[in-house]
>>> print(open('model_16.cif').read())   # mmCIF, C-alpha atoms, pLDDT in the B column; chains and numbers go by the auth columns
data_run
#
loop_
_atom_site.group_PDB
_atom_site.id
_atom_site.type_symbol
_atom_site.label_atom_id
_atom_site.label_comp_id
_atom_site.label_asym_id
_atom_site.label_seq_id
_atom_site.Cartn_x
_atom_site.Cartn_y
_atom_site.Cartn_z
_atom_site.B_iso_or_equiv
_atom_site.auth_seq_id
_atom_site.auth_asym_id
ATOM 1 C CA MET A 1 33.376 139.079 -8.031 74.00 1 A
ATOM 2 C CA ARG A 2 33.700 136.730 -10.964 88.00 2 A
ATOM 3 C CA LEU A 3 32.169 139.295 -13.327 89.00 3 A
ATOM 4 C CA PHE A 4 34.660 141.884 -12.114 91.00 4 A
ATOM 5 C CA ARG A 5 37.614 139.555 -12.809 93.00 5 A
ATOM 6 C CA HIS A 6 36.336 138.830 -16.311 91.00 6 A
ATOM 7 C CA LEU A 7 35.835 142.533 -16.974 93.00 7 A
ATOM 8 C CA VAL A 8 39.369 143.358 -15.788 94.00 8 A
ATOM 9 C CA PHE A 9 40.779 140.558 -17.948 93.00 9 A
ATOM 10 C CA TRP A 10 39.024 141.797 -21.092 93.00 10 A
ATOM 11 C CA ILE A 11 40.036 145.418 -20.429 95.00 11 A
ATOM 12 C CA ALA A 12 43.677 144.361 -19.926 94.00 12 A
ATOM 13 C CA LEU A 13 43.521 142.324 -23.130 91.00 13 A
ATOM 14 C CA ALA A 14 42.128 145.332 -25.027 92.00 14 A
ATOM 15 C CA VAL A 15 44.906 147.557 -23.657 93.00 15 A
ATOM 16 C CA LEU A 16 47.547 145.012 -24.707 91.00 16 A
ATOM 17 C CA GLY A 17 45.972 144.797 -28.153 85.00 17 A
ATOM 18 C CA ALA A 18 46.033 148.585 -28.503 87.00 18 A
ATOM 19 C CA LEU A 19 49.700 148.691 -27.477 87.00 19 A
ATOM 20 C CA ALA A 20 50.557 145.919 -29.949 82.00 20 A
ATOM 21 C CA ALA A 21 48.676 147.782 -32.692 80.00 21 A
ATOM 22 C CA GLN A 22 50.676 150.957 -31.965 82.00 22 A
ATOM 23 C CA LEU A 23 53.938 149.016 -32.213 79.00 23 A
ATOM 24 C CA LEU A 24 52.878 147.378 -35.457 76.00 24 A
ATOM 25 C CA LEU A 25 51.848 150.699 -37.030 77.00 25 A
ATOM 26 C CA ASP A 26 55.424 151.964 -36.812 79.00 26 A
ATOM 27 C CA ASP A 27 56.927 148.819 -38.344 79.00 27 A
ATOM 28 C CA PRO A 28 54.410 146.201 -39.498 80.00 28 A
ATOM 29 C CA GLY A 29 57.118 143.582 -39.998 82.00 29 A
ATOM 30 C CA TYR A 30 57.527 141.153 -42.840 87.00 30 A
ATOM 31 C CA VAL A 31 56.947 137.395 -42.769 87.00 31 A
ATOM 32 C CA LEU A 32 57.942 135.194 -45.692 87.00 32 A
ATOM 33 C CA ILE A 33 56.972 131.542 -45.788 86.00 33 A
ATOM 34 C CA ARG A 34 58.612 129.513 -48.526 89.00 34 A
ATOM 35 C CA TYR A 35 57.857 125.842 -48.915 87.00 35 A
ATOM 36 C CA GLY A 36 58.709 123.936 -52.065 87.00 36 A
ATOM 37 C CA GLY A 37 57.704 126.131 -54.974 86.00 37 A
ATOM 38 C CA TRP A 38 55.184 128.087 -52.902 90.00 38 A
ATOM 39 C CA ASP A 39 55.926 131.574 -51.493 89.00 39 A
ATOM 40 C CA ARG A 40 53.655 133.519 -49.182 88.00 40 A
ATOM 41 C CA SER A 41 54.507 136.902 -47.697 89.00 41 A
ATOM 42 C CA THR A 42 52.484 138.924 -45.228 88.00 42 A
ATOM 43 C CA THR A 43 52.867 141.316 -42.319 86.00 43 A
ATOM 44 C CA LEU A 44 53.496 140.118 -38.794 83.00 44 A
ATOM 45 C CA ALA A 45 49.963 141.030 -37.708 81.00 45 A
ATOM 46 C CA GLY A 46 48.526 139.059 -40.626 85.00 46 A
ATOM 47 C CA ALA A 47 50.686 136.030 -39.774 88.00 47 A
ATOM 48 C CA VAL A 48 49.539 136.128 -36.147 85.00 48 A
ATOM 49 C CA LEU A 49 45.885 136.366 -37.221 86.00 49 A
ATOM 50 C CA ILE A 50 46.324 133.464 -39.652 91.00 50 A
ATOM 51 C CA LEU A 51 47.977 131.399 -36.924 92.00 51 A
ATOM 52 C CA LEU A 52 45.144 132.172 -34.501 92.00 52 A
ATOM 53 C CA GLY A 53 42.599 131.254 -37.176 95.00 53 A
ATOM 54 C CA VAL A 54 44.333 127.930 -37.843 96.00 54 A
ATOM 55 C CA LEU A 55 44.441 127.169 -34.109 96.00 55 A
ATOM 56 C CA LEU A 56 40.745 128.048 -33.766 96.00 56 A
ATOM 57 C CA ALA A 57 39.891 125.797 -36.724 97.00 57 A
ATOM 58 C CA LEU A 58 41.863 122.904 -35.190 97.00 58 A
ATOM 59 C CA TRP A 59 40.142 123.400 -31.824 96.00 59 A
ATOM 60 C CA LEU A 60 36.711 123.450 -33.483 97.00 60 A
ATOM 61 C CA ALA A 61 37.540 120.290 -35.446 97.00 61 A
ATOM 62 C CA TRP A 62 38.640 118.545 -32.239 97.00 62 A
ATOM 63 C CA LYS A 63 35.451 119.598 -30.457 96.00 63 A
ATOM 64 C CA ALA A 64 33.349 118.392 -33.379 96.00 64 A
ATOM 65 C CA LEU A 65 35.099 115.007 -33.329 96.00 65 A
ATOM 66 C CA THR A 66 34.730 114.522 -29.561 96.00 66 A
ATOM 67 C CA LEU A 67 31.164 115.857 -29.324 96.00 67 A
ATOM 68 C CA PRO A 68 29.438 112.469 -29.826 96.00 68 A
ATOM 69 C CA PHE A 69 31.586 110.848 -27.124 96.00 69 A
ATOM 70 C CA ALA A 70 30.885 113.633 -24.637 95.00 70 A
ATOM 71 C CA ALA A 71 27.166 113.490 -25.412 95.00 71 A
ATOM 72 C CA PHE A 72 27.133 109.717 -24.888 94.00 72 A
ATOM 73 C CA ARG A 73 28.963 110.125 -21.557 91.00 73 A
ATOM 74 C CA ARG A 74 26.419 112.709 -20.390 92.00 74 A
ATOM 75 C CA TYR A 75 23.559 110.446 -21.535 92.00 75 A
ATOM 76 C CA ARG A 76 24.916 107.477 -19.570 89.00 76 A
ATOM 77 C CA ALA A 77 25.436 109.605 -16.444 87.00 77 A
ATOM 78 C CA ARG A 78 21.878 110.936 -16.729 90.00 78 A
ATOM 79 C CA GLN A 79 20.564 107.375 -17.127 89.00 79 A
ATOM 80 C CA ALA A 80 22.514 106.202 -14.080 86.00 80 A
ATOM 81 C CA ARG A 81 21.159 109.077 -11.969 87.00 81 A
ATOM 82 C CA THR A 82 17.621 108.298 -13.113 89.00 82 A
ATOM 83 C CA ARG A 83 18.021 104.601 -12.315 88.00 83 A
ATOM 84 C CA LEU A 84 19.500 105.418 -8.918 86.00 84 A
ATOM 85 C CA LEU A 85 16.656 107.752 -8.010 87.00 85 A
ATOM 86 C CA GLU A 86 13.962 105.417 -9.301 88.00 86 A
ATOM 87 C CA GLY A 87 15.616 102.476 -7.557 86.00 87 A
ATOM 88 C CA LEU A 88 15.783 104.306 -4.235 83.00 88 A
ATOM 89 C CA ASP A 89 12.152 105.315 -4.652 84.00 89 A
ATOM 90 C CA ALA A 90 11.169 101.710 -5.406 85.00 90 A
ATOM 91 C CA LEU A 91 13.152 100.596 -2.346 79.00 91 A
ATOM 92 C CA HIS A 92 11.312 103.121 -0.223 76.00 92 A
ATOM 93 C CA GLN A 93 7.940 101.994 -1.571 81.00 93 A
ATOM 94 C CA GLY A 94 8.713 98.309 -1.051 81.00 94 A
ATOM 95 C CA HIS A 95 9.048 97.139 -4.674 85.00 95 A
ATOM 96 C CA TRP A 96 12.052 94.986 -3.827 82.00 96 A
ATOM 97 C CA SER A 97 12.661 93.243 -7.166 86.00 97 A
ATOM 98 C CA ARG A 98 12.329 96.425 -9.199 88.00 98 A
ATOM 99 C CA ALA A 99 14.536 98.324 -6.730 85.00 99 A
ATOM 100 C CA GLU A 100 17.252 95.681 -6.865 84.00 100 A
ATOM 101 C CA THR A 101 17.225 95.616 -10.664 88.00 101 A
ATOM 102 C CA LEU A 102 17.371 99.401 -11.039 88.00 102 A
ATOM 103 C CA LEU A 103 20.042 99.820 -8.381 84.00 103 A
ATOM 104 C CA ALA A 104 22.182 97.033 -9.832 84.00 104 A
ATOM 105 C CA GLN A 105 22.002 98.779 -13.222 85.00 105 A
ATOM 106 C CA ALA A 106 22.858 102.135 -11.630 84.00 106 A
ATOM 107 C CA ALA A 107 25.883 100.577 -9.925 81.00 107 A
ATOM 108 C CA GLN A 108 27.547 100.156 -13.321 80.00 108 A
ATOM 109 C CA GLU A 109 28.471 103.854 -13.226 77.00 109 A
ATOM 110 C CA ARG A 110 31.290 104.823 -10.889 73.00 110 A
ATOM 111 C CA GLU A 111 29.604 107.886 -9.380 71.00 111 A
ATOM 112 C CA ALA A 112 26.578 105.998 -8.121 71.00 112 A
ATOM 113 C CA ALA A 113 28.161 102.618 -7.412 75.00 113 A
ATOM 114 C CA LEU A 114 28.322 102.747 -3.619 76.00 114 A
ATOM 115 C CA ALA A 115 24.781 103.958 -2.936 78.00 115 A
ATOM 116 C CA ALA A 116 23.346 101.742 -5.653 82.00 116 A
ATOM 117 C CA ARG A 117 25.113 98.592 -4.424 81.00 117 A
ATOM 118 C CA LEU A 118 24.040 99.222 -0.837 81.00 118 A
ATOM 119 C CA GLY A 119 20.452 99.820 -1.943 83.00 119 A
ATOM 120 C CA ALA A 120 20.470 96.700 -4.116 84.00 120 A
ATOM 121 C CA ALA A 121 21.755 94.656 -1.188 82.00 121 A
ATOM 122 C CA ARG A 122 18.999 96.017 1.054 81.00 122 A
ATOM 123 C CA ALA A 123 16.384 95.253 -1.600 84.00 123 A
ATOM 124 C CA ALA A 124 17.696 91.694 -1.948 84.00 124 A
ATOM 125 C CA LEU A 125 17.553 91.277 1.831 80.00 125 A
ATOM 126 C CA ALA A 126 14.002 92.589 1.916 81.00 126 A
ATOM 127 C CA ARG A 127 13.088 90.045 -0.773 82.00 127 A
ATOM 128 C CA GLY A 128 14.703 87.333 1.333 82.00 128 A
ATOM 129 C CA ASP A 129 17.521 86.571 -1.125 81.00 129 A
ATOM 130 C CA GLU A 130 20.624 86.562 1.084 79.00 130 A
ATOM 131 C CA ALA A 131 22.865 85.175 -1.665 83.00 131 A
ATOM 132 C CA ALA A 132 22.070 88.133 -3.958 84.00 132 A
ATOM 133 C CA ALA A 133 22.672 90.543 -1.070 82.00 133 A
ATOM 134 C CA ALA A 134 26.061 88.958 -0.419 80.00 134 A
ATOM 135 C CA ALA A 135 26.898 89.199 -4.126 82.00 135 A
ATOM 136 C CA HIS A 136 26.049 92.904 -4.167 81.00 136 A
ATOM 137 C CA LEU A 137 28.157 93.484 -1.056 79.00 137 A
ATOM 138 C CA ALA A 138 31.060 91.491 -2.510 79.00 138 A
ATOM 139 C CA ALA A 139 31.251 94.060 -5.307 79.00 139 A
ATOM 140 C CA LEU A 140 32.141 96.705 -2.703 76.00 140 A
ATOM 141 C CA GLU A 141 35.684 95.431 -2.124 76.00 141 A
ATOM 142 C CA HIS A 142 37.142 98.819 -3.043 76.00 142 A
ATOM 143 C CA ARG A 143 35.177 100.472 -0.180 78.00 143 A
ATOM 144 C CA PRO A 144 35.989 98.279 2.846 80.00 144 A
ATOM 145 C CA ALA A 145 34.413 100.518 5.531 81.00 145 A
ATOM 146 C CA ALA A 146 31.075 100.729 3.700 79.00 146 A
ATOM 147 C CA ARG A 147 31.206 96.997 3.010 79.00 147 A
ATOM 148 C CA ALA A 148 31.889 96.249 6.681 82.00 148 A
ATOM 149 C CA LEU A 149 28.934 98.401 7.765 81.00 149 A
ATOM 150 C CA ALA A 150 26.633 96.681 5.299 79.00 150 A
ATOM 151 C CA LEU A 151 27.845 93.221 6.326 80.00 151 A
ATOM 152 C CA ALA A 152 27.270 94.140 9.961 83.00 152 A
ATOM 153 C CA ASP A 153 23.729 95.300 9.124 79.00 153 A
ATOM 154 C CA LEU A 154 23.145 92.020 7.300 79.00 154 A
ATOM 155 C CA ALA A 155 24.440 89.994 10.235 80.00 155 A
ATOM 156 C CA LEU A 156 22.363 91.969 12.751 81.00 156 A
ATOM 157 C CA ALA A 157 19.243 91.547 10.610 77.00 157 A
ATOM 158 C CA GLU A 158 19.806 87.794 10.675 77.00 158 A
ATOM 159 C CA GLY A 159 20.412 87.823 14.451 82.00 159 A
ATOM 160 C CA ARG A 160 24.167 87.149 14.362 81.00 160 A
ATOM 161 C CA PRO A 161 25.803 89.890 16.503 82.00 161 A
ATOM 162 C CA LEU A 162 29.189 88.131 16.687 83.00 162 A
ATOM 163 C CA ASP A 163 29.444 88.081 12.880 79.00 163 A
ATOM 164 C CA ALA A 164 28.571 91.788 12.869 79.00 164 A
ATOM 165 C CA LEU A 165 31.440 92.514 15.281 79.00 165 A
ATOM 166 C CA GLU A 166 33.768 90.365 13.198 80.00 166 A
ATOM 167 C CA ALA A 167 32.871 92.305 10.035 78.00 167 A
ATOM 168 C CA LEU A 168 33.506 95.616 11.775 80.00 168 A
ATOM 169 C CA ASP A 169 36.832 94.427 13.254 77.00 169 A
ATOM 170 C CA ALA A 170 38.307 93.686 9.821 77.00 170 A
ATOM 171 C CA PRO A 171 41.667 95.498 9.437 76.00 171 A
ATOM 172 C CA ALA A 172 40.752 96.787 5.972 75.00 172 A
ATOM 173 C CA ALA A 173 37.680 98.565 7.378 73.00 173 A
ATOM 174 C CA GLN A 174 39.669 100.580 9.903 79.00 174 A
ATOM 175 C CA PRO A 175 39.250 103.393 10.870 82.00 175 A
ATOM 176 C CA LEU A 176 35.516 102.977 11.167 76.00 176 A
ATOM 177 C CA PRO A 177 33.125 105.858 10.514 75.00 177 A
ATOM 178 C CA PRO A 178 30.966 107.062 13.439 76.00 178 A
ATOM 179 C CA ARG A 179 28.107 104.722 12.523 71.00 179 A
ATOM 180 C CA GLY A 180 30.477 101.764 12.656 72.00 180 A
ATOM 181 C CA LEU A 181 31.716 102.784 16.086 74.00 181 A
ATOM 182 C CA LEU A 182 28.127 103.082 17.286 74.00 182 A
#
>>> encode(input="model_16.cif", output="structure tokens")
Amino acid sequence: MRLFRHLVFWIALAVLGALAAQLLLDDPGYVLIRYGGWDRSTTLAGAVLILLGVLLALWLAWKALTLPFAAFRRYRARQARTRLLEGLDALHQGHWSRAETLLAQAAQEREAALAARLGAARAALARGDEAAAAAHLAALEHRPAARALALADLALAEGRPLDALEALDAPAAQPLPPRGLL
């Protein structure tokens, strides 16, 4: 369907171009640009082509200037995805320190922050470092429901069911997702 829309667009554009060419053949028009001591005269079709060429050159210059920034952004996103995947794999395999380090680094990117922080907190818990797990969970203030679930998991792992209920009853965490209700 997308190919058909593109084909119809290009056919309509060609028809409009043919109609414009027929109108310009009868009277090509006259454009005079005078600036200072400089005079330039051309037909209307020539002026439109020059304007389109200038706009294309400006667009290409803009793209060339922003290309390094876009490439760096893509590189950082690719690095964050790699760290997230390697960190989750290390967490699965039981390499707690390596998993926590990789996931904490992956959490620096916005797209992977939630999963990476939760994984880093689990890795810190598995290592036995409850302070590091709490620090990772404290960074999840902008996601109160996920933070409440993780705090409840932490409290249940330590054998404190009342603290788990207290974490889930926090007003900021409401409404709870299905796992929180369970």
>>> atom_distance(input="model_16.cif", atom1="CA of Asp153 in chain A", atom2="CA of Glu166 in chain A")
11.9 Å
>>> residues_around(input="model_16.cif", residues="Leu154 in chain A", least_positions_apart="5", cutoff="10 Å", atoms="only C-alpha atoms", output="PyMOL selection string")
chain A and resi 121-122+125+130+133-134+137+148-149+159-161+163-164
>>> closest_residue(input="model_16.cif", among="A:Glu158, A:Asp169, A:Glu109, A:Glu100", to="Ala135 in chain A", atoms="only C-alpha atoms")
A:Glu100
>>> closest_residue(input="model_16.cif", among="A:Leu91, A:Ala99, A:Ala115, A:Ala20", to="Val48 in chain A", atoms="all atoms listed in the file")
A:Ala20
>>> atom_distance(input="model_16.cif", atom1="CA of Gly87 in chain A", atom2="CA of Ala145 in chain A")
23.0 Å
>>> closest_atom_pairs(input="model_16.cif", of="range 126-150 of chain A", to="range 170-174 of chain A", cutoff="12 Å", atoms="all atoms listed in the file", output="Markdown table")
| residue | atom | partner | partner_atom | distance |
| --- | --- | --- | --- | --- |
| A:Leu140 | CA | A:Ala173 | CA | 11.7 |
| A:Glu141 | CA | A:Ala172 | CA | 9.6 |
| A:His142 | CA | A:Ala172 | CA | 9.9 |
| A:Arg143 | CA | A:Ala173 | CA | 8.2 |
| A:Pro144 | CA | A:Ala173 | CA | 4.8 |
| A:Ala145 | CA | A:Ala173 | CA | 4.2 |
| A:Ala146 | CA | A:Ala173 | CA | 7.9 |
| A:Arg147 | CA | A:Ala173 | CA | 8.0 |
| A:Ala148 | CA | A:Ala173 | CA | 6.3 |
| A:Leu149 | CA | A:Ala173 | CA | 8.8 |
| A:Ala150 | CA | A:Ala173 | CA | 11.4 |
>>> resolve_selection(input="model_16.cif", expression="the PyMOL selection byres ((chain A and resi 104) around 12)", output="ChimeraX atom specification")
/A:80,83-84,86-88,96-103,105-109,112-124,132-133,135-137,139
>>> decode(input="model_16.cif", residues="range 132-143 of chain A", atoms="all heavy atoms", output="mmCIF file, in the first residue's frame")
data_model
loop_
_atom_site.group_PDB
_atom_site.id
_atom_site.type_symbol
_atom_site.label_atom_id
_atom_site.label_comp_id
_atom_site.auth_asym_id
_atom_site.auth_seq_id
_atom_site.Cartn_x
_atom_site.Cartn_y
_atom_site.Cartn_z
ATOM 1 N N ALA A 132 23.814 -0.538 48.011
ATOM 2 C CA ALA A 132 23.900 -0.253 46.568
ATOM 3 C C ALA A 132 22.560 -0.500 45.898
ATOM 4 O O ALA A 132 22.154 0.256 45.008
ATOM 5 C CB ALA A 132 24.983 -1.119 45.931
ATOM 6 N N ALA A 133 21.846 -1.538 46.339
ATOM 7 C CA ALA A 133 20.517 -1.808 45.767
ATOM 8 C C ALA A 133 19.572 -0.666 46.074
ATOM 9 O O ALA A 133 18.813 -0.222 45.191
ATOM 10 C CB ALA A 133 19.969 -3.122 46.317
ATOM 11 N N ALA A 134 19.611 -0.156 47.291
ATOM 12 C CA ALA A 134 18.758 0.980 47.652
ATOM 13 C C ALA A 134 19.126 2.220 46.853
ATOM 14 O O ALA A 134 18.253 3.002 46.461
ATOM 15 C CB ALA A 134 18.864 1.251 49.153
ATOM 16 N N ALA A 135 20.416 2.411 46.597
ATOM 17 C CA ALA A 135 20.851 3.567 45.801
ATOM 18 C C ALA A 135 20.348 3.458 44.362
ATOM 19 O O ALA A 135 19.920 4.457 43.770
ATOM 20 C CB ALA A 135 22.366 3.680 45.819
ATOM 21 N N HIS A 136 20.391 2.268 43.806
ATOM 22 C CA HIS A 136 19.879 2.078 42.442
ATOM 23 C C HIS A 136 18.373 2.322 42.403
ATOM 24 O O HIS A 136 17.852 2.911 41.458
ATOM 25 C CB HIS A 136 20.192 0.678 41.925
ATOM 26 C CG HIS A 136 21.631 0.465 41.592
ATOM 27 N ND1 HIS A 136 22.295 1.200 40.634
ATOM 28 C CD2 HIS A 136 22.539 -0.403 42.092
ATOM 29 C CE1 HIS A 136 23.538 0.799 40.560
ATOM 30 N NE2 HIS A 136 23.720 -0.178 41.436
ATOM 31 N N LEU A 137 17.667 1.857 43.417
ATOM 32 C CA LEU A 137 16.213 2.044 43.449
ATOM 33 C C LEU A 137 15.840 3.499 43.719
ATOM 34 O O LEU A 137 14.796 3.970 43.270
ATOM 35 C CB LEU A 137 15.589 1.123 44.486
ATOM 36 C CG LEU A 137 15.668 -0.364 44.158
ATOM 37 C CD1 LEU A 137 15.075 -1.183 45.285
ATOM 38 C CD2 LEU A 137 14.986 -0.667 42.847
ATOM 39 N N ALA A 138 16.680 4.219 44.450
ATOM 40 C CA ALA A 138 16.407 5.631 44.717
ATOM 41 C C ALA A 138 16.449 6.448 43.427
ATOM 42 O O ALA A 138 15.793 7.480 43.327
ATOM 43 C CB ALA A 138 17.403 6.173 45.731
ATOM 44 N N ALA A 139 17.195 5.979 42.449
ATOM 45 C CA ALA A 139 17.281 6.697 41.172
ATOM 46 C C ALA A 139 16.017 6.544 40.337
ATOM 47 O O ALA A 139 15.881 7.195 39.309
ATOM 48 C CB ALA A 139 18.492 6.208 40.386
ATOM 49 N N LEU A 140 15.091 5.709 40.793
ATOM 50 C CA LEU A 140 13.844 5.476 40.048
ATOM 51 C C LEU A 140 12.688 6.331 40.557
ATOM 52 O O LEU A 140 11.535 5.932 40.470
ATOM 53 C CB LEU A 140 13.452 4.000 40.131
ATOM 54 C CG LEU A 140 14.350 3.020 39.409
ATOM 55 C CD1 LEU A 140 13.875 1.603 39.665
ATOM 56 C CD2 LEU A 140 14.348 3.308 37.926
ATOM 57 N N GLU A 141 12.973 7.508 41.082
ATOM 58 C CA GLU A 141 11.925 8.361 41.633
ATOM 59 C C GLU A 141 10.907 8.782 40.579
ATOM 60 O O GLU A 141 9.750 9.039 40.904
ATOM 61 C CB GLU A 141 12.542 9.591 42.284
ATOM 62 C CG GLU A 141 13.297 9.272 43.551
ATOM 63 C CD GLU A 141 13.945 10.493 44.151
ATOM 64 O OE1 GLU A 141 13.834 11.574 43.554
ATOM 65 O OE2 GLU A 141 14.571 10.354 45.216
ATOM 66 N N HIS A 142 11.314 8.871 39.339
ATOM 67 C CA HIS A 142 10.400 9.299 38.279
ATOM 68 C C HIS A 142 9.455 8.177 37.837
ATOM 69 O O HIS A 142 8.543 8.419 37.064
ATOM 70 C CB HIS A 142 11.190 9.845 37.089
ATOM 71 C CG HIS A 142 12.094 8.827 36.458
ATOM 72 N ND1 HIS A 142 13.280 8.443 37.042
ATOM 73 C CD2 HIS A 142 11.984 8.111 35.326
ATOM 74 C CE1 HIS A 142 13.853 7.530 36.291
ATOM 75 N NE2 HIS A 142 13.092 7.298 35.249
ATOM 76 N N ARG A 143 9.672 6.957 38.305
ATOM 77 C CA ARG A 143 8.797 5.814 38.002
ATOM 78 C C ARG A 143 8.339 5.191 39.327
ATOM 79 O O ARG A 143 8.845 4.151 39.748
ATOM 80 C CB ARG A 143 9.549 4.777 37.166
ATOM 81 C CG ARG A 143 10.076 5.256 35.839
ATOM 82 C CD ARG A 143 8.980 5.483 34.809
ATOM 83 N NE ARG A 143 8.229 4.302 34.484
ATOM 84 C CZ ARG A 143 8.521 3.480 33.485
ATOM 85 N NH1 ARG A 143 9.549 3.721 32.716
ATOM 86 N NH2 ARG A 143 7.775 2.436 33.255
#
